[in-house]
Amino acid sequence: MTGRLMLLDTASLYFRAYFGVPDSVKAPDGTPVNAVRGLLDFIDRLVKDHRPEYLVACMDADWRPRWRVDLIPTYKAHRVAAEHEGAPDAEEVPDTLAPQVPVIEEVLEAIGIARVGVAGYEADDVIGTFTARAKGPVDIVTGDRDLYQLVDDARGIRVLYPLKGVGTLQLTDEAVLREKYGVDGRGYADLALLRGDPSDGLPGVAGIGEKTAAKLLAEFGDLAGIMAAVDDPRAKLTPSQRRRLTEARPYVAVAPKVVRVADDVPLPDVGTALPQAPSDPAALEELARRWGLGGSLQRLLTTLAH
């Protein structure tokens, strides 16, 4: 793949569609399809505006991988709806969204848009691996700031972060990251690790907020440099910072593997070229009729055909 690759953080986008499109948007049988139609509208707009040559809908085969939980037990713990022995825990999902997810998957399959989820990994890890392997520019579409760590101007990797729907996107490159956070893509994972993230159950280092983390990274280069400074009495750390970082050593030792997206996921061999026509027109026609996909689907098919 040497042309532009677009990677969708699919769950992030269908959650946004669900909350952004009224649940009065329903199938003929009365089932809400606001997330389905909203996602199709999102993809239509993204393809129109950015014209990728390749497109992958990246999925959460496991939204809370055991290997991350083993390192930091609080990881996403507050979002667990039910625990399952030997299988991924169930995530809290609104009652009227959960039934729409299989429909989304069937519709994407019938259109011919590649869907990739890998057992034991989050969509972020799938995105990280596709990005690592890409030979050309990459647009990552996500409402999750964790993926800012992949931004790399030299390789043409940027994050398209939806501010309102997908009509208003923050095109996140290294200049945006430096202005907002004082770090580049490589530094963002260390910043997030130090700062913590309540939405992911990451405690961070007590007393080290975003601004302090950015200052420490500017002073010492990266997480390893900061921790080396803790052991250097000449390093410019306040007594409080030195104490807090010392106390946080067990967390700092394991957190990088949790916070950094994987780039070595065993991806399946899939065709990622943007489809110009549905891969299964008959199945798509039946899905459109059953779920009342109407203009949302037609607009996307028209965009793909051009």
# chains A, B, ... in the order shown; residues from 1 in each chain; ligands from 1
>>> closest_atom_pairs(of="range 249-304 of chain A", to="range 39-61 of chain A", cutoff="7 Å", atoms="only C-alpha atoms", output="CSV")
residue,atom,partner,partner_atom,distance
A:Thr272,CA,A:Tyr54,CA,5.3
A:Ala273,CA,A:Tyr54,CA,4.3
A:Leu274,CA,A:Tyr54,CA,4.9
A:Ser296,CA,A:Asp41,CA,5.6
A:Leu297,CA,A:Leu40,CA,6.3
A:Arg299,CA,A:Asp44,CA,6.8
A:Leu300,CA,A:Asp44,CA,4.7
A:Thr303,CA,A:Lys48,CA,6.6
>>> residues_around(residues="range 120-128 of chain A", least_positions_apart="4", cutoff="9 Å", atoms="only C-alpha atoms", output="count of residues only")
33
>>> atom_distance(atom1="CA of Thr172 in chain A", atom2="CA of Thr142 in chain A")
10.8 Å
>>> residues_around(residues="Ser199 in chain A", least_positions_apart="5", cutoff="10 Å", atoms="only C-alpha atoms", output="VMD selection string")
chain A and resid 75 to 79
>>> atom_distance(atom1="CA of Thr238 in chain A", atom2="CA of Asp222 in chain A")
17.7 Å
>>> closest_residue(among="A:Leu301, A:Leu191, A:Val270, A:Val151", to="Asp173 in chain A", atoms="only C-alpha atoms")
A:Val151
>>> closest_residue(among="A:Val259, A:Val252, A:Ala218, A:Val230", to="Arg145 in chain A", atoms="only C-alpha atoms")
A:Val259
>>> closest_residue(among="A:Ala98, A:Val107, A:Leu5, A:Val118", to="Gly292 in chain A", atoms="only C-alpha atoms")
A:Val107
>>> atom_distance(atom1="CA of Glu286 in chain A", atom2="CA of Ala17 in chain A")
22.6 Å
